[in-house]
$ cat entry-v4.pdb   # PDB, C-alpha atoms
MODEL        1
ATOM      1  CA  MET A  14       6.127   5.321  35.519
ATOM      2  CA  SER A  15       9.564   4.621  36.977
ATOM      3  CA  LEU A  16      10.336   1.566  39.113
ATOM      4  CA  THR A  17      10.445   3.833  42.185
ATOM      5  CA  ASP A  18       7.014   5.300  41.400
ATOM      6  CA  ASP A  19       5.562   1.801  41.001
ATOM      7  CA  LEU A  20       7.009   0.669  44.340
ATOM      8  CA  LEU A  21       5.802   3.748  46.213
ATOM      9  CA  ARG A  22       2.316   3.414  44.774
ATOM     10  CA  ALA A  23       2.117  -0.254  45.810
ATOM     11  CA  ASN A  24       3.461   0.649  49.251
ATOM     12  CA  ALA A  25       0.825   3.357  49.738
ATOM     13  CA  ALA A  26      -1.864   0.668  49.513
ATOM     14  CA  TYR A  27       0.029  -1.414  52.090
ATOM     15  CA  VAL A  28       0.306   1.531  54.508
ATOM     16  CA  GLU A  29      -3.487   2.003  54.337
ATOM     17  CA  VAL A  30      -4.136  -1.409  55.897
ATOM     18  CA  PHE A  31      -0.909  -1.908  57.881
ATOM     19  CA  ASP A  32      -1.222  -2.574  61.603
ATOM     20  CA  ALA A  33       2.004  -2.708  63.654
ATOM     21  CA  SER A  34       0.346  -3.744  66.890
ATOM     22  CA  GLY A  35       1.832  -6.870  68.426
ATOM     23  CA  LEU A  36       4.993  -6.650  66.327
ATOM     24  CA  GLN A  37       8.320  -6.431  68.156
ATOM     25  CA  GLN A  38      12.017  -6.718  67.342
ATOM     26  CA  ARG A  39      12.437 -10.190  68.888
ATOM     27  CA  PRO A  40      10.725 -12.932  66.838
ATOM     28  CA  LEU A  41       7.741 -14.287  68.763
ATOM     29  CA  LYS A  42       8.346 -17.932  67.835
ATOM     30  CA  GLU A  43      12.115 -17.651  68.544
ATOM     31  CA  LEU A  44      12.759 -19.109  65.108
ATOM     32  CA  ALA A  45      15.012 -18.343  62.128
ATOM     33  CA  ILE A  46      14.541 -19.734  58.618
ATOM     34  CA  LEU A  47      17.395 -20.062  56.113
ATOM     35  CA  THR A  48      16.099 -20.612  52.605
ATOM     36  CA  CYS A  49      16.491 -19.703  48.935
ATOM     37  CA  MET A  50      15.688 -16.357  47.289
ATOM     38  CA  ASP A  51      13.336 -18.203  44.881
ATOM     39  CA  SER A  52      10.243 -16.177  43.952
ATOM     40  CA  ARG A  53       7.743 -19.056  44.064
ATOM     41  CA  TYR A  54       7.325 -19.325  47.843
ATOM     42  CA  THR A  55       7.726 -17.410  51.062
ATOM     43  CA  ALA A  56       9.084 -19.054  54.204
ATOM     44  CA  GLN A  57       6.134 -17.604  56.086
ATOM     45  CA  GLY A  58       3.594 -19.166  53.741
ATOM     46  CA  VAL A  59       5.155 -22.601  53.586
ATOM     47  CA  ILE A  60       5.215 -23.100  57.356
ATOM     48  CA  GLY A  61       2.242 -20.950  58.299
ATOM     49  CA  LEU A  62       4.041 -18.085  60.050
ATOM     50  CA  ALA A  63       2.566 -14.693  60.820
ATOM     51  CA  LEU A  64       4.365 -11.338  60.733
ATOM     52  CA  GLY A  65       6.541 -11.107  63.835
ATOM     53  CA  ASP A  66       7.123 -14.841  64.227
ATOM     54  CA  ALA A  67      10.539 -15.528  62.708
ATOM     55  CA  HIS A  68      13.666 -14.118  61.105
ATOM     56  CA  VAL A  69      13.995 -15.054  57.443
ATOM     57  CA  ILE A  70      17.421 -15.274  55.816
ATOM     58  CA  ARG A  71      17.369 -15.858  52.069
ATOM     59  CA  ASN A  72      20.157 -16.236  49.512
ATOM     60  CA  ALA A  73      20.776 -18.156  46.299
ATOM     61  CA  GLY A  74      20.112 -21.762  47.299
ATOM     62  CA  GLY A  75      19.556 -21.149  51.003
ATOM     63  CA  ARG A  76      23.224 -22.046  51.484
ATOM     64  CA  VAL A  77      25.250 -21.693  54.671
ATOM     65  CA  THR A  78      27.722 -18.891  53.965
ATOM     66  CA  GLU A  79      29.634 -16.539  56.248
ATOM     67  CA  ASP A  80      26.835 -14.013  55.723
ATOM     68  CA  ALA A  81      24.140 -16.541  56.652
ATOM     69  CA  ILE A  82      26.130 -17.397  59.794
ATOM     70  CA  ARG A  83      26.538 -13.677  60.610
ATOM     71  CA  SER A  84      22.766 -13.282  60.352
ATOM     72  CA  LEU A  85      21.826 -16.458  62.249
ATOM     73  CA  VAL A  86      24.293 -15.786  65.072
ATOM     74  CA  LEU A  87      23.003 -12.231  65.476
ATOM     75  CA  SER A  88      19.458 -13.604  65.434
ATOM     76  CA  ALA A  89      20.275 -16.120  68.174
ATOM     77  CA  VAL A  90      22.624 -14.160  70.409
ATOM     78  CA  LEU A  91      21.112 -10.678  70.189
ATOM     79  CA  LEU A  92      17.467 -11.384  69.352
ATOM     80  CA  GLY A  93      16.736 -14.653  71.125
ATOM     81  CA  THR A  94      16.035 -17.193  68.377
ATOM     82  CA  ARG A  95      16.626 -20.774  69.503
ATOM     83  CA  ALA A  96      16.322 -22.789  66.302
ATOM     84  CA  CYS A  97      17.102 -22.596  62.586
ATOM     85  CA  VAL A  98      15.096 -24.263  59.836
ATOM     86  CA  VAL A  99      17.100 -24.869  56.626
ATOM     87  CA  ILE A 100      14.929 -25.247  53.505
ATOM     88  CA  HIS A 101      16.298 -25.948  49.986
ATOM     89  CA  HIS A 102      13.877 -26.461  47.106
ATOM     90  CA  SER A 103      13.300 -28.383  43.889
ATOM     91  CA  ASP A 104      13.994 -26.714  40.496
ATOM     92  CA  CYS A 105      16.586 -24.379  42.062
ATOM     93  CA  GLY A 106      18.656 -22.261  39.665
ATOM     94  CA  LEU A 107      21.825 -23.595  41.329
ATOM     95  CA  PHE A 108      20.899 -27.239  40.836
ATOM     96  CA  GLY A 109      23.107 -29.171  38.431
ATOM     97  CA  ARG A 110      25.203 -26.134  37.514
ATOM     98  CA  SER A 111      28.965 -25.843  37.703
ATOM     99  CA  ASP A 112      30.868 -22.912  39.059
ATOM    100  CA  GLU A 113      32.847 -22.611  35.841
ATOM    101  CA  GLU A 114      29.643 -22.476  33.763
ATOM    102  CA  LEU A 115      28.209 -19.717  35.969
ATOM    103  CA  ARG A 116      31.441 -17.696  35.916
ATOM    104  CA  GLN A 117      31.552 -17.949  32.138
ATOM    105  CA  ARG A 118      27.945 -16.737  31.985
ATOM    106  CA  VAL A 119      28.827 -13.633  34.015
ATOM    107  CA  ALA A 120      31.912 -13.026  31.881
ATOM    108  CA  ASP A 121      29.789 -13.251  28.714
ATOM    109  CA  VAL A 122      27.056 -10.927  30.017
ATOM    110  CA  ALA A 123      29.020  -8.425  32.130
ATOM    111  CA  GLY A 124      32.589  -8.781  30.884
ATOM    112  CA  ALA A 125      34.109  -9.498  34.309
ATOM    113  CA  ARG A 126      35.345 -12.680  36.030
ATOM    114  CA  VAL A 127      33.817 -13.293  39.453
ATOM    115  CA  THR A 128      36.180 -14.301  42.222
ATOM    116  CA  PHE A 129      33.699 -16.131  44.463
ATOM    117  CA  ASP A 130      32.052 -19.553  44.339
ATOM    118  CA  PHE A 131      28.357 -19.659  43.347
ATOM    119  CA  LEU A 132      27.772 -22.757  45.550
ATOM    120  CA  PRO A 133      25.860 -24.880  43.016
ATOM    121  CA  PHE A 134      24.798 -28.376  44.055
ATOM    122  CA  HIS A 135      23.953 -31.676  42.393
ATOM    123  CA  ASP A 136      21.940 -33.506  45.073
ATOM    124  CA  LEU A 137      19.113 -31.609  46.758
ATOM    125  CA  GLU A 138      18.835 -33.721  49.896
ATOM    126  CA  GLN A 139      22.608 -33.838  50.311
ATOM    127  CA  SER A 140      22.868 -30.040  50.041
ATOM    128  CA  VAL A 141      20.410 -29.723  52.944
ATOM    129  CA  ARG A 142      22.374 -32.308  54.931
ATOM    130  CA  ASP A 143      25.671 -30.540  54.197
ATOM    131  CA  ASP A 144      24.295 -27.197  55.326
ATOM    132  CA  VAL A 145      22.682 -28.594  58.498
ATOM    133  CA  HIS A 146      26.043 -30.144  59.372
ATOM    134  CA  ALA A 147      27.886 -26.905  58.596
ATOM    135  CA  LEU A 148      25.633 -25.018  61.011
ATOM    136  CA  ARG A 149      25.970 -27.700  63.689
ATOM    137  CA  ALA A 150      29.756 -27.362  63.424
ATOM    138  CA  CYS A 151      29.569 -23.590  63.966
ATOM    139  CA  PRO A 152      30.811 -22.657  67.471
ATOM    140  CA  TYR A 153      28.882 -19.367  67.743
ATOM    141  CA  PHE A 154      25.413 -20.631  68.713
ATOM    142  CA  PRO A 155      24.148 -20.879  72.287
ATOM    143  CA  GLU A 156      23.874 -24.252  74.061
ATOM    144  CA  GLY A 157      20.730 -26.108  72.962
ATOM    145  CA  TYR A 158      20.353 -24.252  69.639
ATOM    146  CA  GLU A 159      18.382 -26.542  67.315
ATOM    147  CA  ILE A 160      18.949 -26.997  63.550
ATOM    148  CA  VAL A 161      16.564 -28.945  61.301
ATOM    149  CA  GLY A 162      16.538 -29.430  57.516
ATOM    150  CA  PHE A 163      13.831 -29.808  54.861
ATOM    151  CA  THR A 164      13.368 -29.873  51.132
ATOM    152  CA  TYR A 165      10.479 -27.945  49.550
ATOM    153  CA  ASP A 166       8.737 -29.068  46.365
ATOM    154  CA  VAL A 167       7.780 -26.022  44.279
ATOM    155  CA  ARG A 168       5.144 -28.017  42.351
ATOM    156  CA  THR A 169       3.247 -29.418  45.334
ATOM    157  CA  GLY A 170       4.074 -26.960  48.146
ATOM    158  CA  ARG A 171       5.206 -29.885  50.294
ATOM    159  CA  LEU A 172       8.066 -29.888  52.823
ATOM    160  CA  GLN A 173       9.993 -33.090  53.399
ATOM    161  CA  GLN A 174      12.119 -33.623  56.464
ATOM    162  CA  ILE A 175      15.712 -34.586  55.693
ATOM    163  CA  ASP A 176      17.362 -37.283  57.735
ATOM    164  CA  ASP A 177      20.491 -35.459  58.805
ATOM    165  CA  SER A 178      22.500 -38.312  60.260
ATOM    166  CA  PRO A 179      26.016 -38.028  58.807
TER     167      PRO A 179
ATOM    168  CA  MET B  29       5.236 -31.988  69.666
ATOM    169  CA  SER B  30       8.717 -31.418  68.232
ATOM    170  CA  LEU B  31       9.634 -28.404  66.093
ATOM    171  CA  THR B  32       9.667 -30.667  63.037
ATOM    172  CA  ASP B  33       6.169 -31.982  63.795
ATOM    173  CA  ASP B  34       4.863 -28.433  64.199
ATOM    174  CA  LEU B  35       6.369 -27.369  60.870
ATOM    175  CA  LEU B  36       5.041 -30.387  58.992
ATOM    176  CA  ARG B  37       1.565 -29.910  60.414
ATOM    177  CA  ALA B  38       1.533 -26.240  59.380
ATOM    178  CA  ASN B  39       2.847 -27.190  55.935
ATOM    179  CA  ALA B  40       0.102 -29.791  55.444
ATOM    180  CA  ALA B  41      -2.465 -26.985  55.675
ATOM    181  CA  TYR B  42      -0.475 -24.980  53.089
ATOM    182  CA  VAL B  43      -0.324 -27.929  50.689
ATOM    183  CA  GLU B  44      -4.136 -28.239  50.844
ATOM    184  CA  VAL B  45      -4.635 -24.811  49.273
ATOM    185  CA  PHE B  46      -1.387 -24.454  47.303
ATOM    186  CA  ASP B  47      -1.648 -23.762  43.580
ATOM    187  CA  ALA B  48       1.571 -23.776  41.538
ATOM    188  CA  SER B  49      -0.024 -22.659  38.282
ATOM    189  CA  GLY B  50       1.600 -19.613  36.742
ATOM    190  CA  LEU B  51       4.752 -19.968  38.850
ATOM    191  CA  GLN B  52       8.075 -20.331  37.043
ATOM    192  CA  GLN B  53      11.769 -20.210  37.878
ATOM    193  CA  ARG B  54      12.349 -16.760  36.342
ATOM    194  CA  PRO B  55      10.748 -13.948  38.372
ATOM    195  CA  LEU B  56       7.834 -12.469  36.429
ATOM    196  CA  LYS B  57       8.591  -8.845  37.364
ATOM    197  CA  GLU B  58      12.346  -9.292  36.666
ATOM    198  CA  LEU B  59      13.038  -7.854  40.114
ATOM    199  CA  ALA B  60      15.248  -8.729  43.101
ATOM    200  CA  ILE B  61      14.826  -7.312  46.607
ATOM    201  CA  LEU B  62      17.688  -7.103  49.124
ATOM    202  CA  THR B  63      16.400  -6.505  52.635
ATOM    203  CA  CYS B  64      16.749  -7.417  56.305
ATOM    204  CA  MET B  65      15.789 -10.734  57.952
ATOM    205  CA  ASP B  66      13.510  -8.798  60.349
ATOM    206  CA  SER B  67      10.326 -10.678  61.256
ATOM    207  CA  ARG B  68       7.967  -7.685  61.116
ATOM    208  CA  TYR B  69       7.567  -7.404  57.359
ATOM    209  CA  THR B  70       7.896  -9.335  54.135
ATOM    210  CA  ALA B  71       9.336  -7.761  51.026
ATOM    211  CA  GLN B  72       6.337  -9.075  49.105
ATOM    212  CA  GLY B  73       3.855  -7.386  51.450
ATOM    213  CA  VAL B  74       5.576  -4.017  51.611
ATOM    214  CA  ILE B  75       5.664  -3.546  47.837
ATOM    215  CA  GLY B  76       2.607  -5.570  46.877
ATOM    216  CA  LEU B  77       4.280  -8.494  45.144
ATOM    217  CA  ALA B  78       2.642 -11.823  44.361
ATOM    218  CA  LEU B  79       4.313 -15.236  44.456
ATOM    219  CA  GLY B  80       6.477 -15.584  41.378
ATOM    220  CA  ASP B  81       7.217 -11.877  40.975
ATOM    221  CA  ALA B  82      10.664 -11.341  42.510
ATOM    222  CA  HIS B  83      13.711 -12.885  44.116
ATOM    223  CA  VAL B  84      14.075 -11.960  47.776
ATOM    224  CA  ILE B  85      17.510 -11.892  49.426
ATOM    225  CA  ARG B  86      17.464 -11.304  53.181
ATOM    226  CA  ASN B  87      20.270 -11.054  55.734
ATOM    227  CA  ALA B  88      20.944  -9.157  58.948
ATOM    228  CA  GLY B  89      20.450  -5.516  57.945
ATOM    229  CA  GLY B  90      19.863  -6.098  54.242
ATOM    230  CA  ARG B  91      23.570  -5.372  53.780
ATOM    231  CA  VAL B  92      25.601  -5.804  50.585
ATOM    232  CA  THR B  93      27.936  -8.722  51.302
ATOM    233  CA  GLU B  94      29.756 -11.144  49.030
ATOM    234  CA  ASP B  95      26.851 -13.554  49.550
ATOM    235  CA  ALA B  96      24.270 -10.922  48.611
ATOM    236  CA  ILE B  97      26.302 -10.153  45.475
ATOM    237  CA  ARG B  98      26.562 -13.890  44.660
ATOM    238  CA  SER B  99      22.781 -14.115  44.891
ATOM    239  CA  LEU B 100      21.976 -10.904  43.001
ATOM    240  CA  VAL B 101      24.423 -11.679  40.184
ATOM    241  CA  LEU B 102      22.976 -15.177  39.796
ATOM    242  CA  SER B 103      19.509 -13.647  39.811
ATOM    243  CA  ALA B 104      20.436 -11.169  37.079
ATOM    244  CA  VAL B 105      22.702 -13.224  34.846
ATOM    245  CA  LEU B 106      21.040 -16.644  35.057
ATOM    246  CA  LEU B 107      17.427 -15.782  35.882
ATOM    247  CA  GLY B 108      16.825 -12.507  34.104
ATOM    248  CA  THR B 109      16.235  -9.918  36.848
ATOM    249  CA  ARG B 110      16.979  -6.369  35.718
ATOM    250  CA  ALA B 111      16.765  -4.337  38.935
ATOM    251  CA  CYS B 112      17.521  -4.569  42.644
ATOM    252  CA  VAL B 113      15.576  -2.807  45.398
ATOM    253  CA  VAL B 114      17.602  -2.292  48.606
ATOM    254  CA  ILE B 115      15.435  -1.826  51.729
ATOM    255  CA  HIS B 116      16.832  -1.181  55.241
ATOM    256  CA  HIS B 117      14.416  -0.568  58.110
ATOM    257  CA  SER B 118      13.921   1.378  61.339
ATOM    258  CA  ASP B 119      14.523  -0.310  64.725
ATOM    259  CA  CYS B 120      17.022  -2.753  63.165
ATOM    260  CA  GLY B 121      18.987  -4.946  65.577
ATOM    261  CA  LEU B 122      22.218  -3.768  63.925
ATOM    262  CA  PHE B 123      21.442  -0.075  64.402
ATOM    263  CA  GLY B 124      23.714   1.757  66.824
ATOM    264  CA  ARG B 125      25.685  -1.373  67.749
ATOM    265  CA  SER B 126      29.433  -1.817  67.573
ATOM    266  CA  ASP B 127      31.202  -4.835  66.219
ATOM    267  CA  GLU B 128      33.148  -5.215  69.449
ATOM    268  CA  GLU B 129      29.943  -5.224  71.515
ATOM    269  CA  LEU B 130      28.401  -7.913  69.303
ATOM    270  CA  ARG B 131      31.536 -10.063  69.359
ATOM    271  CA  GLN B 132      31.649  -9.830  73.130
ATOM    272  CA  ARG B 133      28.002 -10.881  73.287
ATOM    273  CA  VAL B 134      28.749 -14.017  71.262
ATOM    274  CA  ALA B 135      31.798 -14.768  73.424
ATOM    275  CA  ASP B 136      29.658 -14.448  76.565
ATOM    276  CA  VAL B 137      26.848 -16.645  75.241
ATOM    277  CA  ALA B 138      28.705 -19.226  73.149
ATOM    278  CA  GLY B 139      32.283 -19.025  74.403
ATOM    279  CA  ALA B 140      33.848 -18.390  70.988
ATOM    280  CA  ARG B 141      35.245 -15.273  69.265
ATOM    281  CA  VAL B 142      33.759 -14.567  65.839
ATOM    282  CA  THR B 143      36.170 -13.669  63.070
ATOM    283  CA  PHE B 144      33.760 -11.738  60.832
ATOM    284  CA  ASP B 145      32.274  -8.235  60.948
ATOM    285  CA  PHE B 146      28.596  -7.983  61.929
ATOM    286  CA  LEU B 147      28.131  -4.864  59.709
ATOM    287  CA  PRO B 148      26.312  -2.658  62.242
ATOM    288  CA  PHE B 149      25.397   0.878  61.196
ATOM    289  CA  HIS B 150      24.687   4.218  62.860
ATOM    290  CA  ASP B 151      22.771   6.132  60.189
ATOM    291  CA  LEU B 152      19.872   4.358  58.487
ATOM    292  CA  GLU B 153      19.697   6.480  55.330
ATOM    293  CA  GLN B 154      23.473   6.422  54.935
ATOM    294  CA  SER B 155      23.565   2.620  55.211
ATOM    295  CA  VAL B 156      21.102   2.405  52.301
ATOM    296  CA  ARG B 157      23.175   4.895  50.316
ATOM    297  CA  ASP B 158      26.402   2.996  51.069
ATOM    298  CA  ASP B 159      24.887  -0.289  49.927
ATOM    299  CA  VAL B 160      23.346   1.179  46.765
ATOM    300  CA  HIS B 161      26.764   2.601  45.895
ATOM    301  CA  ALA B 162      28.465  -0.726  46.685
ATOM    302  CA  LEU B 163      26.144  -2.507  44.244
ATOM    303  CA  ARG B 164      26.606   0.158  41.576
ATOM    304  CA  ALA B 165      30.373  -0.350  41.867
ATOM    305  CA  CYS B 166      30.025  -4.091  41.312
ATOM    306  CA  PRO B 167      31.236  -5.103  37.803
ATOM    307  CA  TYR B 168      29.160  -8.296  37.527
ATOM    308  CA  PHE B 169      25.757  -6.883  36.549
ATOM    309  CA  PRO B 170      24.513  -6.589  32.967
ATOM    310  CA  GLU B 171      24.371  -3.207  31.189
ATOM    311  CA  GLY B 172      21.312  -1.222  32.284
ATOM    312  CA  TYR B 173      20.843  -3.047  35.605
ATOM    313  CA  GLU B 174      18.978  -0.671  37.921
ATOM    314  CA  ILE B 175      19.556  -0.245  41.687
ATOM    315  CA  VAL B 176      17.260   1.800  43.936
ATOM    316  CA  GLY B 177      17.248   2.291  47.724
ATOM    317  CA  PHE B 178      14.545   2.778  50.366
ATOM    318  CA  THR B 179      14.070   2.862  54.100
ATOM    319  CA  TYR B 180      11.098   1.060  55.661
ATOM    320  CA  ASP B 181       9.401   2.272  58.847
ATOM    321  CA  VAL B 182       8.308  -0.749  60.918
ATOM    322  CA  ARG B 183       5.751   1.379  62.842
ATOM    323  CA  THR B 184       3.919   2.852  59.842
ATOM    324  CA  GLY B 185       4.662   0.368  57.043
ATOM    325  CA  ARG B 186       5.922   3.224  54.894
ATOM    326  CA  LEU B 187       8.789   3.124  52.379
ATOM    327  CA  GLN B 188      10.851   6.233  51.808
ATOM    328  CA  GLN B 189      12.988   6.679  48.745
ATOM    329  CA  ILE B 190      16.635   7.478  49.513
ATOM    330  CA  ASP B 191      18.413  10.106  47.508
ATOM    331  CA  ASP B 192      21.457   8.150  46.431
ATOM    332  CA  SER B 193      23.576  10.913  44.994
ATOM    333  CA  PRO B 194      27.095  10.484  46.468
TER     334      PRO B 194
ENDMDL
END
$ encode --input "entry-v4.pdb" --output "structure tokens"
Amino acid sequence: MSLTDDLLRANAAYVEVFDASGLQQRPLKELAILTCMDSRYTAQGVIGLALGDAHVIRNAGGRVTEDAIRSLVLSAVLLGTRACVVIHHSDCGLFGRSDEELRQRVADVAGARVTFDFLPFHDLEQSVRDDVHALRACPYFPEGYEIVGFTYDVRTGRLQQIDDSP
Amino acid sequence: MSLTDDLLRANAAYVEVFDASGLQQRPLKELAILTCMDSRYTAQGVIGLALGDAHVIRNAGGRVTEDAIRSLVLSAVLLGTRACVVIHHSDCGLFGRSDEELRQRVADVAGARVTFDFLPFHDLEQSVRDDVHALRACPYFPEGYEIVGFTYDVRTGRLQQIDDSP
């Protein structure tokens, strides 16, 4: 079986039970989540969301990048979300790494030098605080747009609110 | 109740039933998914994945951006994924829009002109093809890294494989 065959077979089972009723383009809870690509949790699971409730933006670390801002601004301005929840997690692949180490790893494996920054971090709570502040400084969100930050513990499933005073 | 209170209350219910056993940092199926932030589906649901199976990268449209490449390369080189599944979907907020229209919308709502491209598209299958080709042209993936593309129909739940010949 090829990867494509496996995916289509799994999807056929999903189609059997799928029900699109009640789902619409604009998120029902007017919420966007920015979090890591990590495989061990879903944003929906961790905060009890149903299909249709919220936009979910995921990248390595859950970091605020130009692409995350592109997505969050579109979510807010075009599709009516009014708040963003930033969640970074324990045991992240970016934690405690250096950019130089990661670039060397790519060079060793793929034979090419990357030109971008991998955005590693060394303090989990501070990385949430930094990203909450970066979003608050962004001029593209509507008046009253709310931004809150949490850490997520992959061993316990627990969210912890991050005090985001500067 | 504040947003934070709501989230923490929902998370407390998750923590009650959460079981971290079997979960590890490296995705068990050695797979990464790149898809849209849309609220109406999860990548895990659509292709029958369990927690721990795959990295999930989500942004507006599921587009290949520098940030998506940062995440996918980290996923492959540091955390052992060997394939990427690109999924764009029907009724996407970016479909049929123009960059100028979206920039104007932000200017109207927030009073600031964005400097980036929103990456709208006008042909769903072609946007998948374009992004599959963009990833294949990226020099940072290990030898043998596989990239496949699909569309997802938000009304039926069905994936469709995209012929990605140029």
$ resolve_selection --input "entry-v4.pdb" --expression "the ChimeraX specification (/B :<6) & /A" --output "ChimeraX atom specification"
/A:20,23-24,28,33,50-53,59-61,64-65,67-73,84,122-123,153-155,168,170-171
$ atom_distance --input "entry-v4.pdb" --atom1 "CA of Ser193 (chain B)" --atom2 "CA of Tyr173 (chain B)"
17.0 Å
$ atom_distance --input "entry-v4.pdb" --atom1 "CA of Gly124 (chain B)" --atom2 "CA of Leu152 (chain B)"
9.5 Å
$ atom_distance --input "entry-v4.pdb" --atom1 "CA of Ser126 (chain B)" --atom2 "CA of Thr94 (chain A)"
20.4 Å
